[in-house]
Amino acid sequence: MATEQVNCVFCSIINRKLPSSIVYEDEDIIAFMDINPVNKGHTLVVPKIHEQYMCDIPDETSQKIFPLAQRINKNLRRLSEASDSGIKLEAVNLFLADGIAAGQEVYHSHLHVIPRFKGDSFKLHNQYGTPPSRQELDATANRIKQLLQEPSTPQPIQSQTSPKIVPDVIIHN
Ligand SMILES: [Zn+2]
């Protein structure tokens, strides 16, 4: 069931309080055209539940997001071959910013499906650091591997934008 966050543009779209150009919708997810596209055809795939981070989306919802993005990707490619679509596509970026430092601008998790072509305006400024040693890669891999072997117990991440409201009522025993 969707939760609504006041002043969230995506929640407003989901609840039809703002207009949007919807391409797909079911009880858990929705996809619509980006209002400020990088290139024509730029589509957003959005879980209906309001969570800032994709890692907080329940599995039964998050597992629907990539397959839908995949279908949109395929059909954008088909459309780009139609002379009347105006969609220019040589490649596709699936882009998900899971937090502000990653470039997240709307704090309701979403996956971008972006048609790309050589010379377009979308830029990812990759500044890779010094490559780590194999020992360091193995050590990090082992830490992740151990955690992946634990039963899945997702812990909510403290939101960077909307701090949790702590009730100012103290109950004395
Ligand atoms: Zn929202």
# chains A, B, ... in the order shown; residues from 1 in each chain; ligands from 1
call {"tool": "residues_around", "arguments": {"residues": "range 80-92 of chain A", "least_positions_apart": "4", "cutoff": "7 Å", "atoms": "only C-alpha atoms", "output": "short mmCIF file (atom, residue, chain, number, x, y, z; two decimals) with C-alpha atoms, in the first residue's frame"}}
result
data_model
loop_
_atom_site.label_atom_id
_atom_site.label_comp_id
_atom_site.auth_asym_id
_atom_site.auth_seq_id
_atom_site.Cartn_x
_atom_site.Cartn_y
_atom_site.Cartn_z
CA LYS A 40 13.26 12.72 -25.37
CA GLY A 41 11.83 9.47 -23.98
CA LEU A 76 12.33 3.03 -26.29
CA VAL A 113 15.61 5.23 -17.98
CA ILE A 114 17.47 7.68 -20.20
CA PRO A 115 17.89 7.40 -23.96
CA ARG A 116 21.47 8.42 -24.76
CA PHE A 117 23.37 9.42 -27.86
#
call {"tool": "residues_near_ligand", "arguments": {"ligand": "ligand 1", "cutoff": "6 Å", "atoms": "only C-alpha atoms and all ligand atoms", "output": "number ranges by chain"}}
result
A: 4-5, 8, 10-11, 50, 108
call {"tool": "atom_distance", "arguments": {"atom1": "CA of Phe122 in chain A", "atom2": "CA of Arg71 in chain A"}}
result
22.0 Å
call {"tool": "select_by_dssp", "arguments": {"residues": "range 17-99 of chain A", "states": "alpha helix (DSSP H)", "output": "number ranges by chain"}}
result
A: 59-80
call {"tool": "select_by_dssp", "arguments": {"residues": "range 22-162 of chain A", "states": "strand (DSSP E)", "output": "MDAnalysis selection string"}}
result
chainID A and resid 22:25 29:33 43:47 91:95 111:116
call {"tool": "write_last_selection", "arguments": {"atoms": "N, CA and C atoms", "output": "compact mmCIF listing (two decimals), in the first residue's frame"}}
result
# COMPACT_ATOMS: atom_id res chain seq x y z
N ILE A 22 1.74 9.19 -17.77
CA ILE A 22 2.00 7.86 -17.23
C ILE A 22 2.13 6.84 -18.36
N VAL A 23 3.14 5.99 -18.26
CA VAL A 23 3.29 4.92 -19.26
C VAL A 23 2.92 3.55 -18.70
N TYR A 24 2.96 3.41 -17.36
CA TYR A 24 2.63 2.12 -16.73
C TYR A 24 2.28 2.38 -15.27
N GLU A 25 1.35 1.56 -14.77
CA GLU A 25 1.01 1.65 -13.36
C GLU A 25 0.42 0.34 -12.89
N ILE A 29 4.02 -0.01 -8.37
CA ILE A 29 4.95 0.87 -9.07
C ILE A 29 4.24 1.67 -10.16
N ILE A 30 4.90 2.73 -10.57
CA ILE A 30 4.36 3.60 -11.62
C ILE A 30 5.54 4.07 -12.47
N ALA A 31 5.29 4.34 -13.73
CA ALA A 31 6.33 4.90 -14.61
C ALA A 31 5.72 6.04 -15.39
N PHE A 32 6.44 7.16 -15.46
CA PHE A 32 5.94 8.33 -16.18
C PHE A 32 7.11 9.09 -16.79
N MET A 33 6.76 10.00 -17.70
CA MET A 33 7.79 10.76 -18.39
C MET A 33 8.41 11.78 -17.43
N THR A 43 12.30 8.38 -19.02
CA THR A 43 11.18 7.87 -18.23
C THR A 43 11.66 7.56 -16.82
N LEU A 44 10.78 7.72 -15.84
CA LEU A 44 11.10 7.39 -14.46
C LEU A 44 10.27 6.19 -14.02
N VAL A 45 10.90 5.26 -13.35
CA VAL A 45 10.20 4.13 -12.75
C VAL A 45 10.24 4.34 -11.23
N VAL A 46 9.05 4.39 -10.63
CA VAL A 46 8.94 4.88 -9.25
C VAL A 46 8.11 3.90 -8.41
N PRO A 47 8.66 3.44 -7.28
CA PRO A 47 7.81 2.67 -6.36
C PRO A 47 6.78 3.59 -5.73
N ALA A 91 22.04 4.46 -27.07
CA ALA A 91 22.36 3.70 -25.86
C ALA A 91 21.37 4.13 -24.78
N VAL A 92 21.40 3.44 -23.66
CA VAL A 92 20.49 3.78 -22.56
C VAL A 92 21.27 3.79 -21.25
N ASN A 93 21.00 4.76 -20.43
CA ASN A 93 21.46 4.73 -19.04
C ASN A 93 20.30 4.38 -18.13
N LEU A 94 20.52 3.40 -17.27
CA LEU A 94 19.63 3.20 -16.12
C LEU A 94 20.35 3.85 -14.96
N PHE A 95 19.76 4.89 -14.41
CA PHE A 95 20.46 5.69 -13.41
C PHE A 95 19.62 5.81 -12.15
N LEU A 111 14.07 5.26 -10.46
CA LEU A 111 15.07 4.81 -11.42
C LEU A 111 14.83 5.53 -12.75
N HIS A 112 15.88 6.17 -13.26
CA HIS A 112 15.78 6.86 -14.55
C HIS A 112 16.08 5.86 -15.68
N VAL A 113 15.29 5.93 -16.74
CA VAL A 113 15.61 5.23 -17.98
C VAL A 113 15.84 6.33 -19.02
N ILE A 114 17.10 6.51 -19.41
CA ILE A 114 17.47 7.68 -20.20
C ILE A 114 18.03 7.27 -21.57
N PRO A 115 17.32 7.61 -22.64
CA PRO A 115 17.89 7.40 -23.96
C PRO A 115 19.16 8.26 -24.10
N ARG A 116 20.21 7.68 -24.63
CA ARG A 116 21.47 8.42 -24.76
C ARG A 116 21.96 8.38 -26.20
call {"tool": "closest_residue", "arguments": {"among": "A:Pro151, A:Gly129, A:Tyr107, A:Lys118", "to": "Asn7 in chain A", "atoms": "only C-alpha atoms"}}
result
A:Tyr107
